[in-house]
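S.K.: The structure under discussion is supplied below as C-alpha cells; questions concerning it will follow.
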Amino acid sequence: MPDPIAGTYDPDLSMKTDPEASWTKRSDTTAWYDRFPWWGVILFLIWSAMLAKILFDEDYDLAWKRISPGVTVTIRATFMAFGLATTLGLILGLGRTLKTDDRTNPLIRFVKIAARNLCRTYIEFIRGIPILPLIFTVALVIIPPLSESVGLKNKIPSEWRAIIALALIYGAYIAEIIRAGVQSVDQGQVEAGRSLGLTRGATTRSIVLPQAIRNVIPPLGNDFIAILKDTSLLSVLGVLELTQLTKQFANSSFKFREGYLVLTFIYLSLTIVLSLLLQQLEKYMTKDKTGAR
Amino acid sequence: MTTKPMITVTDLHKTFGEHIHAVRGVDLSVATGEVVVIVGPSGSGKSTVLRCMNTLETPTQGSVLVDGVELTDRDADIDAARAEMGMVFQQFNLFSHLTVLQNVTLAQRKVRGMGKAEAAAEAMRQLTRVGIPEKANSYPRQLSGGQQQRVAIARSLAMNPKVMLFDEPTSALDPEMIKEVLDVMLELAAEGMTMIVVTHEMGFARAAADRVFFMDEGLIVESGTPEDLFDNAKEGRTQDFFAKVLSH
C-alpha cells in the first residue's frame, strides 16, 4: 500500500513544520507564558515587600499602628456613601428614562417631563464639576445653612457632611449607569410585556429592571471601588480616615516615606480584595441560571 | 363569514418622522373565527398595520376597533384590550431572565391576578398544546428558535385571547424549525382561533387562510381567498409578487 503522505510531499511545507523551528508553527492555543497573569505576580511581590517592611521594620510598624485604625472610618464612609448614592442614582436614573405619550394624563405627563428634565439637569451639573471643589461646596456652603434651618446648627459632624457630599456626587454618576442599564434591555422585551396587557409600570418592574440589574453590576462595582478611593478626599474636611491619619502622622513625625507606604499598602489591599470579590459576583450573576446573555 | 367583526381598521395611516409614510389608508375587517394572512414585499407596511392593531404603534390617523373598543380613543383601556389579543413576534421576545414556565405565567398573574398554582396549571396546558411541556423549567436561551417561538405562542394562548396576531413568526427561524411552528399555527386555525398573520409562508396561507391581503407601498392592493390571489390575481403588482414568491 502506498504511503498516503508521500504523494503530497512538499519541501516548502516541510520547512514550515520542521520541529526544530517550532516558532514558525501556528497554533490555536496561545503559549502558557503568553496567557499567564505575570502582572498579578509582580503586584503580589510588591505587596509582599510592603508587608515585609511593615512587619519587620519598627518605623513602618509605628506608622501602621497610627494609620490603620482609620480603616474603620474609610470603610464606613464607603458603604454609607455608596448606599446613599445608589438610592439617589436609582431615582435619578429611572427619572431620566420616564416616557410619556399622547395617552398620558396631561398632569402626569407634565410631572414626568419636568422630572425627567430636572434629573438630567442635576446629573449634567454634578458631572461637569471636579469632585474636590464639589465636596467643599456641599460640606461647607450648602449643608451648614440647611442644617441651621432645621435646627441642627453645627450639629452635623464633618464625617457625615462629607459622606452626604460623596453620595450627592456619585448619585449622578450612578444615575448614568442605571440609565444605560435600563436602555440596554432589548425593546422587544418591553413590547412583549405590553402586548400581554402589562402596564408600563409592571413591565418596568417585572421585565426591564431584573434584566437591567445584570447589566449594571459590573459598572456599579467599579463605582464602589472609586468611592472607596475617593474617601481619601474626606481628609480635606479633617475627617479622621486613612489619608488624614497619614497626613497627621507624617507631619508630626517627619516619617513621610513610612506613612505613605503604609497608606498605599492599605488602599491597595482593600481595592484588590474588592476587585476579586466583584469578579466572583459578576460570574455568579451572569451564570446560566439567570438566563440569556 | 357573517359573524360579527373582531377587528375593524378604517382609513389607517402611520407615518414615521416626516418622510416615511409606512401605511397610507388601510381598511380591513376581520371576522370572529377568521384566519387572515397579510402578504407583501418588505417595507410594504404589513407589520406596521399589525402593530397598529394592538397599538404597539400608535396610528397617525384612522380608527382601530377591536371587539367593540375604539383603541385610538384617548380614554380606551389599552392594557385591557391588549390582554385579549395575543401577539407573536419575529424575534420571539421571550423574557430572557425567566424560565419557560415563568414566561407563560407572568401575565396571567400580573394582569389576570391568578394564583400561582392556577396559572402554572394553565401554563402547562398551553405548553402541552404546543408540544413542549418538558421544557417548562428551561431558560429561553437553552431552547432552539422553533421551541422559543412555540413557547411565545403558549405565552399568548395562556391569556385566553380572542384574537392572535402573528408578526412574521417564522422569518427568524432555521428552515428545519419552520414546520414545527406552522403546525402549531395550523392547529390553532383549525380550532377556530381568530388569527391575523403577517408571513412569507405561502403554503400556510394556502392551507389556513380564509382571506389573503396583498399589501404594497402602504396600501392593500388586493384581497380575496388564497386561490383568488395566488392563481387569479387581477392587479399587475399582485401577479408580479406571486409570480416571484410562488415560482419555486
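In the C-alpha cells, chains take the letters A, B, ... in the order shown, each chain's residues start at 1, and ligands count up from 1 in the order shown.
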Determine, for each residue of chain B having at least one atom at most 8 Å from an atom of chain A, the closest pair of atoms and their separation in Å to one decimal, counting only C-alpha atoms; order by chain and ascending number, as CSV.
M.R.:
residue,atom,partner,partner_atom,distance
B:Asn54,CA,A:Ser195,CA,7.2
B:Leu56,CA,A:Glu191,CA,7.0
B:Arg74,CA,A:Arg103,CA,5.4
B:Asp75,CA,A:Arg103,CA,7.5
B:Ile78,CA,A:Gly197,CA,7.7
B:Asp79,CA,A:Gly197,CA,4.4
B:Ala80,CA,A:Gly197,CA,6.0
B:Ala81,CA,A:Gly197,CA,7.3
B:Arg82,CA,A:Gly197,CA,4.8
B:Ala83,CA,A:Gly197,CA,4.2
B:Glu84,CA,A:Gly197,CA,7.9
B:Met85,CA,A:Leu196,CA,7.4
B:Gly86,CA,A:Leu196,CA,6.7
B:Met87,CA,A:Ser195,CA,6.3
B:Phe89,CA,A:Ala192,CA,8.0
B:Gln91,CA,A:Gly188,CA,7.8
B:Asn93,CA,A:Gln189,CA,5.5
B:Leu94,CA,A:Gln189,CA,7.0
B:Phe95,CA,A:Gln189,CA,6.2
B:Ser96,CA,A:Ala292,CA,5.2
B:His97,CA,A:Gly291,CA,4.7
B:Leu98,CA,A:Gly291,CA,6.8
B:Thr99,CA,A:Gly291,CA,7.8
B:Ala107,CA,A:Leu196,CA,6.2
B:Lys110,CA,A:Leu198,CA,7.1
B:Val111,CA,A:Leu198,CA,6.1
B:Tyr139,CA,A:Gly291,CA,5.6
B:Pro140,CA,A:Ala292,CA,7.1
B:Arg141,CA,A:Ala292,CA,5.4
B:Ser156,CA,A:Leu196,CA,7.0
B:Met159,CA,A:Leu196,CA,7.8
S.K.: Near stretch 198-206 of chain B, counting only C-alpha atoms, which residues have an atom at most 8 Å away, once you skip same-chain residues fewer than 2 positions from it, shown as an mmCIF file with N, CA, C and O atoms, in the first residue's frame?
M.R.:
data_model
loop_
_atom_site.group_PDB
_atom_site.id
_atom_site.type_symbol
_atom_site.label_atom_id
_atom_site.label_comp_id
_atom_site.auth_asym_id
_atom_site.auth_seq_id
_atom_site.Cartn_x
_atom_site.Cartn_y
_atom_site.Cartn_z
ATOM 1 N N VAL B 37 -54.399 36.346 6.325
ATOM 2 C CA VAL B 37 -52.959 36.410 6.111
ATOM 3 C C VAL B 37 -52.652 37.669 5.314
ATOM 4 O O VAL B 37 -53.331 37.957 4.321
ATOM 5 N N ILE B 38 -51.671 38.440 5.790
ATOM 6 C CA ILE B 38 -51.243 39.636 5.075
ATOM 7 C C ILE B 38 -49.879 39.358 4.458
ATOM 8 O O ILE B 38 -48.945 38.977 5.175
ATOM 9 N N VAL B 39 -49.777 39.507 3.159
ATOM 10 C CA VAL B 39 -48.501 39.291 2.491
ATOM 11 C C VAL B 39 -48.121 40.554 1.734
ATOM 12 O O VAL B 39 -48.937 41.468 1.567
ATOM 13 N N GLY B 40 -46.864 40.570 1.283
ATOM 14 C CA GLY B 40 -46.402 41.721 0.519
ATOM 15 C C GLY B 40 -44.905 41.838 0.631
ATOM 16 O O GLY B 40 -44.297 41.213 1.495
ATOM 17 N N LYS B 46 -46.947 45.970 6.087
ATOM 18 C CA LYS B 46 -47.839 44.938 6.649
ATOM 19 C C LYS B 46 -47.595 44.734 8.144
ATOM 20 O O LYS B 46 -48.556 44.605 8.914
ATOM 21 N N SER B 47 -46.326 44.739 8.571
ATOM 22 C CA SER B 47 -46.070 44.610 10.011
ATOM 23 C C SER B 47 -46.590 45.822 10.770
ATOM 24 O O SER B 47 -47.103 45.701 11.886
ATOM 25 N N LEU B 50 -50.197 45.483 11.434
ATOM 26 C CA LEU B 50 -50.434 44.523 12.515
ATOM 27 C C LEU B 50 -50.147 45.160 13.876
ATOM 28 O O LEU B 50 -50.905 45.005 14.839
ATOM 29 N N PHE B 166 -49.832 37.497 14.511
ATOM 30 C CA PHE B 166 -48.522 36.894 14.259
ATOM 31 C C PHE B 166 -47.721 37.805 13.342
ATOM 32 O O PHE B 166 -48.134 38.076 12.219
ATOM 33 N N ASP B 167 -46.583 38.290 13.818
ATOM 34 C CA ASP B 167 -45.754 39.199 13.028
ATOM 35 C C ASP B 167 -44.538 38.438 12.488
ATOM 36 O O ASP B 167 -43.525 38.329 13.155
ATOM 37 N N GLU B 168 -44.649 37.920 11.302
ATOM 38 C CA GLU B 168 -43.588 37.123 10.674
ATOM 39 C C GLU B 168 -43.006 36.092 11.635
ATOM 40 O O GLU B 168 -41.810 36.092 11.917
ATOM 41 N N PRO B 169 -43.846 35.186 12.129
ATOM 42 C CA PRO B 169 -43.413 34.293 13.207
ATOM 43 C C PRO B 169 -42.339 33.295 12.810
ATOM 44 O O PRO B 169 -41.664 32.740 13.694
ATOM 45 N N THR B 170 -42.153 33.052 11.518
ATOM 46 C CA THR B 170 -41.147 32.047 11.134
ATOM 47 C C THR B 170 -39.955 32.657 10.411
ATOM 48 O O THR B 170 -39.057 31.951 9.974
ATOM 49 N N SER B 171 -39.916 33.999 10.306
ATOM 50 C CA SER B 171 -38.878 34.618 9.484
ATOM 51 C C SER B 171 -37.490 34.539 10.102
ATOM 52 O O SER B 171 -36.491 34.617 9.406
ATOM 53 N N LEU B 182 -45.338 26.301 12.242
ATOM 54 C CA LEU B 182 -46.516 26.366 11.369
ATOM 55 C C LEU B 182 -47.545 25.310 11.756
ATOM 56 O O LEU B 182 -48.751 25.558 11.692
ATOM 57 N N LEU B 186 -51.351 26.026 12.374
ATOM 58 C CA LEU B 186 -52.418 25.360 11.608
ATOM 59 C C LEU B 186 -53.445 24.763 12.557
ATOM 60 O O LEU B 186 -54.653 24.843 12.323
ATOM 61 N N ILE B 196 -54.579 36.831 12.717
ATOM 62 C CA ILE B 196 -54.096 37.715 11.664
ATOM 63 C C ILE B 196 -52.601 37.470 11.562
ATOM 64 O O ILE B 196 -51.868 37.632 12.547
ATOM 65 N N ALA B 208 -54.397 27.573 5.403
ATOM 66 C CA ALA B 208 -55.169 28.001 6.567
ATOM 67 C C ALA B 208 -55.996 29.268 6.363
ATOM 68 O O ALA B 208 -56.984 29.476 7.059
ATOM 69 N N ALA B 209 -55.594 30.110 5.391
ATOM 70 C CA ALA B 209 -56.220 31.430 5.320
ATOM 71 C C ALA B 209 -57.632 31.373 4.741
ATOM 72 O O ALA B 209 -57.893 30.678 3.769
ATOM 73 N N VAL B 212 -56.702 36.405 2.059
ATOM 74 C CA VAL B 212 -55.341 36.903 1.964
ATOM 75 C C VAL B 212 -55.400 38.362 1.517
ATOM 76 O O VAL B 212 -56.200 38.716 0.642
ATOM 77 N N PRO B 226 -57.175 32.583 -0.878
ATOM 78 C CA PRO B 226 -55.837 32.263 -1.383
ATOM 79 C C PRO B 226 -55.869 31.951 -2.873
ATOM 80 O O PRO B 226 -55.001 32.413 -3.624
ATOM 81 N N GLU B 227 -56.870 31.208 -3.317
ATOM 82 C CA GLU B 227 -56.932 30.840 -4.738
ATOM 83 C C GLU B 227 -57.095 32.091 -5.600
ATOM 84 O O GLU B 227 -56.439 32.237 -6.624
ATOM 85 N N VAL B 245 -42.806 34.838 -5.684
ATOM 86 C CA VAL B 245 -42.705 34.033 -4.457
ATOM 87 C C VAL B 245 -43.206 32.605 -4.666
ATOM 88 O O VAL B 245 -42.866 31.720 -3.891
ATOM 89 N N LEU B 246 -44.008 32.379 -5.684
ATOM 90 C CA LEU B 246 -44.549 31.030 -5.868
ATOM 91 C C LEU B 246 -43.800 30.252 -6.941
ATOM 92 O O LEU B 246 -44.133 29.127 -7.246
#
S.K.: Name the residues of stretch 120-202 of chain A that come out as helix (DSSP H, G or I) in a backbone DSSP run; write them as a ChimeraX atom specification.
M.R.: /A:120-127,131-149,158-183,187-195,200-202
S.K.: Enter the distance from atom CA of A:Leu168 to atom CA of A:Leu84, in Å, rounded to one decimal.
M.R.: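 One can read the atom CA of A:Leu168 to atom CA of A:Leu84 distance as 8.0 Å.
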S.K.: Pick out the residues sitting within 7 Å of B:Asp210, and hand them over as a list of chain:residue names; count only C-alpha atoms, and ignore anything fewer than 3 positions along from it in its own chain.
M.R.: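 Here the qualifying residues turn out to be B:Glu34, B:Val35, B:Val36, B:Thr225.
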S.K.: Save the residues we just selected, N, CA, C and O atoms, as a compact mmCIF listing (two decimals), in the first residue's frame?
M.R.:
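Generated output (out.txt):
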# COMPACT_ATOMS: atom_id res chain seq x y z
N GLU B 34 -62.11 34.06 11.91
CA GLU B 34 -61.49 34.12 10.59
C GLU B 34 -59.96 34.07 10.69
O GLU B 34 -59.38 34.56 11.66
N VAL B 35 -59.33 33.48 9.69
CA VAL B 35 -57.87 33.50 9.60
C VAL B 35 -57.49 34.34 8.40
O VAL B 35 -57.85 34.02 7.26
N VAL B 36 -56.79 35.45 8.70
CA VAL B 36 -56.41 36.38 7.65
C VAL B 36 -54.89 36.41 7.54
O VAL B 36 -54.19 36.46 8.55
N THR B 225 -59.71 35.11 -1.44
CA THR B 225 -59.29 33.80 -0.95
C THR B 225 -57.89 33.52 -1.48
O THR B 225 -57.44 34.17 -2.43
S.K.: Can you pull out the residues contacting B:Arg150? Cut-off 7 Å, using only C-alpha atoms, and skip same-chain residues under 3 positions away; I want them as a JSON list (two decimals) with N, CA and C atoms, in the first residue's frame.
M.R.:
[["chain", "number", "residue", "atom", "x", "y", "z"],
["B", 130, "VAL", "N", -48.62, 23.17, 22.66],
["B", 130, "VAL", "CA", -47.61, 23.47, 21.64],
["B", 130, "VAL", "C", -46.50, 22.42, 21.62],
["B", 146, "GLY", "N", -37.25, 27.37, 17.15],
["B", 146, "GLY", "CA", -38.60, 26.85, 16.98],
["B", 146, "GLY", "C", -39.29, 26.63, 18.31],
["B", 147, "GLN", "N", -38.52, 26.10, 19.28],
["B", 147, "GLN", "CA", -39.09, 25.88, 20.61],
["B", 147, "GLN", "C", -39.43, 27.21, 21.27],
["B", 153, "ILE", "N", -45.94, 31.39, 21.63],
["B", 153, "ILE", "CA", -47.35, 31.18, 21.29],
["B", 153, "ILE", "C", -48.12, 30.73, 22.53],
["B", 154, "ALA", "N", -47.52, 29.82, 23.30],
["B", 154, "ALA", "CA", -48.17, 29.35, 24.52],
["B", 154, "ALA", "C", -48.38, 30.50, 25.51],
["B", 181, "VAL", "N", -43.43, 25.27, 14.01],
["B", 181, "VAL", "CA", -44.21, 26.45, 14.39],
["B", 181, "VAL", "C", -45.49, 26.55, 13.55]]
S.K.: Please provide as a count of residues only all residues within 8 Å of A:Arg96, with the sequence filter that same-chain residues fewer than 6 positions apart are discarded (counting only C-alpha atoms).
M.R.: 6
